[in-house]
Amino acid sequence: MNKMSNTVLVVLVAVLLRWCVSLHPYSGQGKPPMFGDYEAQRHWQEVTVNLPLAEWYANTTDNDLQYWGLDYPPLTAYHSLLCGMVAQWLDPAFVALHTSRGYESAGHKLFMRCSVVLADLLMYIPAAWCLMRALARRKAGHQEFVCLLLYPGLYLVDHGHFQYNGVSLGLFVGAVAALIASRDCLGSVLFCLALNYKQMELYHALPFFFYLLGVCFRQRGVLGFVWKLAKLGCSVAFAFSAVWLPFAEDPAVLTQAVRRLFPFERGLFEDKVASVWCSLSVLVKLKTLVDTRNMALICLLSTAVCMLPSSLHLLARPTSRHLRYALLNSSLVFFLFSYHVHEKTILLAAIPACMLVSEEPFMAAWFLTVSTVSLLPLMAKDGLTIPLVALTILFVALTHFYLLADTHKGAKKGRVWVWMRWTYYLSLAGLAFLGTALLAVEPPARLPDLFPVLLAIYCCGHFIFFCLYFHHCQFNIKYNDANINNDNVTAAKSNTHRKVKVN
């Protein structure tokens, strides 16, 4: 088959797998009084379609913030409003104020599931295709496209657990594609939209900032620097203004909305997550020893310090390859050290890893497998164990025969890589052992969370190793990328054109 046929086939398989996952239960199904993330998304539609904008983020008689209060940026609220309008048109009971809480019906589930599939079809899949086209100039892209569409973690969270991560991640992937294609202003706007959909896109903010600042420094002369910086600044200001303008009319409404985006009272981490702080809490009870404000400050400082080397390196070497490594390194550092982390945020590291499968097929595939299994406690709670296990096995088989074939056949036959390959097999065995224990073995009465904690610590050890490895890779890339920055490419084309004209 040709490349177009392969692309269409991958898209069809991706949509089919998403729909198969959507046939299973969702977060909080039949579990009053709070239900789960499915109800949170439905409730936001109820709030935005029935209440004026000034009350979306405010605690009022019609909007109890203790019951799934809206805590994502305005672009999420606008998306909820759009979905709510469609839901109200289909059946007013879907979003009836107050009376629709915990609404569960076959028709509503079909509507909600279709809305997530549609979001992927309109945002995430086109963005992955754009990235493939942008990377095609570097004789890469197809593997990244396949991995972005078939990575199990994303559709287990979105189409199983129930969220709309495909929107923010689609905007993020589109922004990276734009930067690789030397469309920096477009990339800036797309990333600002991603950040204004979910504030967790802060995981990727520093690499974008330092890459674009590095590109500005590569311009010719002071005027070139100022002109480039002005264009990027105007693009960012335009994007943020367009999103926040409806809230800016009333400073009190704007302040309340901003406060809702950073709920520090929700704690250091959520459930048993594979972060450094959750792993340390087994030995040191951080939540009792350190108050919330000081712990948030410790997280901020440790995250900033650990991100600084990668960010400064990207500032000095603003290339597309360095950017992709820095995005993965930044998101891993954030996941390991930042405040209020939950299992689902590993997706913010997994998507950049999908963008590196041509560069690092073995390590990227290994990381993506571990990141998927790290979601097991959450998926087991939602009744999604069967799709997680089945999709993980399928993904391991896919990566083994599609991504890792060259590695196994001898592309890297050194002793280190032979050792790494056996370590990979032992790693998978450990994941299988702990996963089976979590699902099938009754824990001691004194330690009801024993196996989720062990799995979290095991995955955390992997993530620290991957973080160190990908940092090493970023620092050791030869600085001869074909697309160092926009101006070098433009200048080279201009010089070539001049020579031809003179001759």
# chains A, B, ... in the order shown; residues from 1 in each chain; ligands from 1
$ residues_around --residues "range 415-429 of chain A" --least-positions-apart "6" --cutoff "10 Å" --atoms "only C-alpha atoms" --output "MDAnalysis selection string"
chainID A and resid 362:363 366:367 369:370 373 396 407:408 435 458:459 462
$ residues_around --residues "Cys299 in chain A" --least-positions-apart "5" --cutoff "12 Å" --atoms "only C-alpha atoms" --output "VMD selection string"
chain A and resid 264 267 to 269 275 to 277 286 290 292 to 294 304 to 306 333 to 341
$ write_last_selection --atoms "C-alpha atoms" --output "PDB file, in the first residue's frame"
ATOM      1  CA  PHE A 264      -3.754  24.524  45.873  1.00  0.00           C
ATOM      2  CA  GLY A 267      -3.244  18.626  47.774  1.00  0.00           C
ATOM      3  CA  LEU A 268       0.245  17.600  46.732  1.00  0.00           C
ATOM      4  CA  PHE A 269      -0.880  14.688  44.543  1.00  0.00           C
ATOM      5  CA  SER A 275       5.710  11.063  41.166  1.00  0.00           C
ATOM      6  CA  VAL A 276       8.719  11.657  43.400  1.00  0.00           C
ATOM      7  CA  TRP A 277       6.615  13.177  46.187  1.00  0.00           C
ATOM      8  CA  LEU A 286       5.129  15.160  53.584  1.00  0.00           C
ATOM      9  CA  VAL A 290       5.016  20.497  55.568  1.00  0.00           C
ATOM     10  CA  THR A 292       0.414  23.435  51.834  1.00  0.00           C
ATOM     11  CA  ARG A 293       2.007  26.793  51.023  1.00  0.00           C
ATOM     12  CA  ASN A 294       5.566  25.677  51.816  1.00  0.00           C
ATOM     13  CA  ALA A 304      12.345  25.100  38.181  1.00  0.00           C
ATOM     14  CA  VAL A 305      15.866  23.975  39.144  1.00  0.00           C
ATOM     15  CA  CYS A 306      15.504  20.614  37.415  1.00  0.00           C
ATOM     16  CA  VAL A 333      10.312  17.011  35.335  1.00  0.00           C
ATOM     17  CA  PHE A 334       6.907  18.599  35.895  1.00  0.00           C
ATOM     18  CA  PHE A 335       5.269  15.215  36.411  1.00  0.00           C
ATOM     19  CA  LEU A 336       7.927  14.061  38.856  1.00  0.00           C
ATOM     20  CA  PHE A 337       8.313  17.214  40.963  1.00  0.00           C
ATOM     21  CA  SER A 338       5.384  19.616  40.529  1.00  0.00           C
ATOM     22  CA  TYR A 339       2.463  20.250  42.875  1.00  0.00           C
ATOM     23  CA  HIS A 340      -0.895  18.475  42.568  1.00  0.00           C
ATOM     24  CA  VAL A 341      -0.099  15.740  40.073  1.00  0.00           C
TER      25      VAL A 341
END
$ closest_residue --among "A:Cys278, A:Val222, A:Cys216, A:Leu376" --to "Arg317 in chain A" --atoms "only C-alpha atoms"
A:Cys216
$ atom_distance --atom1 "CA of Arg183 in chain A" --atom2 "CA of Thr76 in chain A"
25.3 Å
$ closest_residue --among "A:Leu356, A:Val146, A:Met85, A:Val21" --to "Asn6 in chain A" --atoms "only C-alpha atoms"
A:Val146
$ residues_around --residues "Trp68 in chain A" --least-positions-apart "5" --cutoff "12 Å" --atoms "only C-alpha atoms" --output "ChimeraX atom specification"
/A:33-47,56-57,59,63,101-102,260
$ residues_around --residues "Ala349 in chain A" --least-positions-apart "6" --cutoff "8 Å" --atoms "only C-alpha atoms" --output "NGL selection string"
:A and (327-329 or 331-332 or 335)
$ residues_around --residues "range 233-243 of chain A" --least-positions-apart "5" --cutoff "8 Å" --atoms "only C-alpha atoms" --output "list in words"
Pro74, Leu75, Cys185, Leu186, Ser188, Val189, Cys192, Leu193 and Asn196 of chain A
